[in-house]
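Read the structure below first, then the notes.
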Amino acid sequence: MAVKILIVTGDAAESLEVLYPYQRLREEGYEVHVAAPSRKKLRFVVHDFEEGFDTYTEKPGYTWPADIAFADVDPGEYAAVVVPGGRAPEYLRNDPEVRRILAAFAGDDKPIAQICHGPLITAATGALDGRQVTAYPALEPDMKAAGAGFQDSEAVVDGTLVSARAWPDHPAWMREFLTVLRGKAPLA
């Protein structure tokens, strides 16, 4: 039986933060499902850092189909969850179904990979209290308000929780997440 990984996301997610872990985890041999508020074609964005801008810029990104709606997700069927960033977490954190999903993963101590603005969703479940994390640096006050210790680092590992700041940190983030994942949910 395949070991399944869930990615929770929505419209305006950062393209690279969805597709890089999706492809990397499939390459490793895991079965990966994309969950969203509804089963539809999602529209991602591209955030980039351009000279002269005080913050990142946003452009249209790739489209990608959601495999399953949040309401239909049984967290017990999945070994781990990935929480990408972009703007999607700003509204997804208000969705009771995505909070149910993340709370189940945290409660069962299953691996959680979160990046950029993704920790906003995990924070909304209360699961970051007392944990060490990183996130997009502008979220440091949000992470501290959620009770987390913030580290401005490529990847932060706290037990089964693996965090990264943004897509430039993908190599360190996925390397650490795969180490945790192989220990908790090894492939046959």
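Each chain in the structure tokens gets a letter, A, B and so on, in the order shown; residues start at 1 in every chain, and ligands are counted from 1 in the order they appear.
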
**Message:** Taking 5 positions as the minimum chain separation for residues in the same chain, which residues sit within 6 Å of region 103-120 of chain A when counting only C-alpha atoms? Answer as number ranges by chain.
**Reply:** A: 80-85, 89, 125, 135-136, 160-166

**All strand (DSSP E or B) residues (DSSP, backbone) inside region 28-184 of chain A, as number ranges by chain** = A: 31-36, 41-48, 57-65, 68-69, 80-83, 86, 112-115, 132-133, 149-150, 155-158, 161-164

**Item:** Which of A:His47, A:Arg182, A:Arg87, A:His170 sits closest to Tyr30 (chain A) [using only C-alpha atoms]
**Value:** A:Arg182
